[in-house]
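Trainee: Got a structure for you, questions after.
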Amino acid sequence: MTSAIPGFFQGTEMPSSGWWEALWPDPAGVLAATGLKPGMEVVDLCCGDGWFTLPIAAVARRVIAIDIDADLLEAAQQRLIGAGVTNCEFVAGDAYELASLVSRPVDFVFMANAFHGVPDRPRLARAVREALAPGGHFAIVNWHRHPRETTTVMGEPRGPRTELRLSPRQTSAEVEAGGLKLVKLVEVPPYHYGARFEKAKPV
């Protein structure tokens, strides 16, 4: 079972086939709304089966797909290979060790539907800060803190348990405690928001 992997974040298992695509019919639009720009060097952190990795690779100069679950990483790799992608590296590893998993600083770290399950969120934010180039961004896509029974996809309640969900204010406080600054909040319909944080440039 995926969640039994040491270091796997609680409540972040990949969903059953079909509803992920129903929830996110336009992953490229989500990425653009949260700050992805052409030519960036990007990390897709906790990439799962690569649903967002593929559209990242379409615009990024380079993308590193990172997940602790080797089986999910293999699924992501097959998705991208099948699409002819050649600018993506796949790394199995712990998100807390992000800085040691990338060979050089990156411009953008993207994390969807996983931050709510991180036990020590300021620690993760610090790890992301270390991996970012000055002026780089960390974009988090989170479920709004709505009751789970109200967030239905394909007729059934979906997403993490209600008590695991974080408000934008909670997410901002946890990440800013790790040394990054909130620069933008956006709505990501129907049930999510995006929060983008920046690593300060040297004065």
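Here's how to read the names in the structure tokens: chain A, B, ... by the order shown, residue numbers from 1 in each chain, ligand numbers from 1 in the order shown.
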Pick out the residues sitting within 10 Å of Lys199 in chain A, and hand them over as a count of residues only; count only C-alpha atoms, and ignore anything fewer than 3 positions along from it in its own chain.
Mentor: 17
Trainee: Per DSSP on the backbone, what are the strand (DSSP E) residues of range 59-180 of chain A, as a ChimeraX atom specification?
Mentor: /A:62-67,88-92,106-112,132-143,152-153,156-157
Trainee: Between CA of Glu198 in chain A and CA of Asp44 in chain A, what is the distance, to one decimal in Å?
Mentor: 16.3 Å
Trainee: Would you compute the distance between CA of Gln78 in chain A and CA of Pro27 in chain A? Give it in Å to one decimal.
Mentor: 18.0 Å
Trainee: Compile the contact shell of Gly50 in chain A as a ChimeraX atom specification: residues with an atom at most 10 Å away, counting only C-alpha atoms, same-chain residues fewer than 2 positions apart removed.
Mentor: /A:44,46-48,52-56,65-67,72-80
Trainee: Give me the residues near Thr171 in chain A as a list in words, where near means some atom within 9 Å (using only C-alpha atoms) and where sequence neighbours in that chain fewer than 4 positions away do not count.
Mentor: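 So, after excluding close chain neighbours, the residues are Phe115, His116, Arg121, Ile140, Asn142, Leu166, Ser167, Val175, Glu176 and Ala195 of chain A.
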Trainee: Among range 50-177 of chain A, which ones does DSSP assign to alpha helix (DSSP H) (computed from the backbone)? Answer as a ChimeraX atom specification.
Mentor: /A:53-59,70-82,98-101,121-131,168-176
Trainee: Using only C-alpha atoms, determine which residues lie at most 10 Å from Lys37 in chain A, disregarding the query and same-chain residues fewer than 2 positions distant; provide the list as a PyMOL selection string.
Mentor: chain A and resi 31-35+39-42+56+59-61+107-108
Trainee: Produce a file of the selected residues containing C-alpha atoms, as a short mmCIF file (atom, residue, chain, number, x, y, z; two decimals), in the first residue's frame.
Mentor:
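Just written: result.cif:
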data_model
loop_
_atom_site.label_atom_id
_atom_site.label_comp_id
_atom_site.auth_asym_id
_atom_site.auth_seq_id
_atom_site.Cartn_x
_atom_site.Cartn_y
_atom_site.Cartn_z
CA LEU A 31 0.05 25.77 -14.09
CA ALA A 32 -0.17 29.06 -15.95
CA ALA A 33 -2.45 30.51 -13.26
CA THR A 34 0.03 29.59 -10.54
CA GLY A 35 3.00 31.17 -12.29
CA GLY A 39 11.88 28.46 -20.27
CA MET A 40 11.89 27.83 -16.51
CA GLU A 41 13.78 25.05 -14.76
CA VAL A 42 11.09 23.31 -12.72
CA ILE A 56 5.11 21.39 -17.31
CA VAL A 59 6.82 24.76 -21.60
CA ALA A 60 9.78 24.32 -19.23
CA ARG A 61 13.40 24.21 -20.28
CA ASP A 107 13.18 28.64 -10.96
CA PHE A 108 9.90 27.02 -9.94
#
Trainee: From the set A:Ala127, A:Val118, A:Ala57, A:Val153, which residue has the shortest atom-to-atom contact distance to Arg165 in chain A, counting only C-alpha atoms?
Mentor: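 Of A:Ala127, A:Val118, A:Ala57, A:Val153, the one nearest Arg165 in chain A, counting only C-alpha atoms, is A:Val118.
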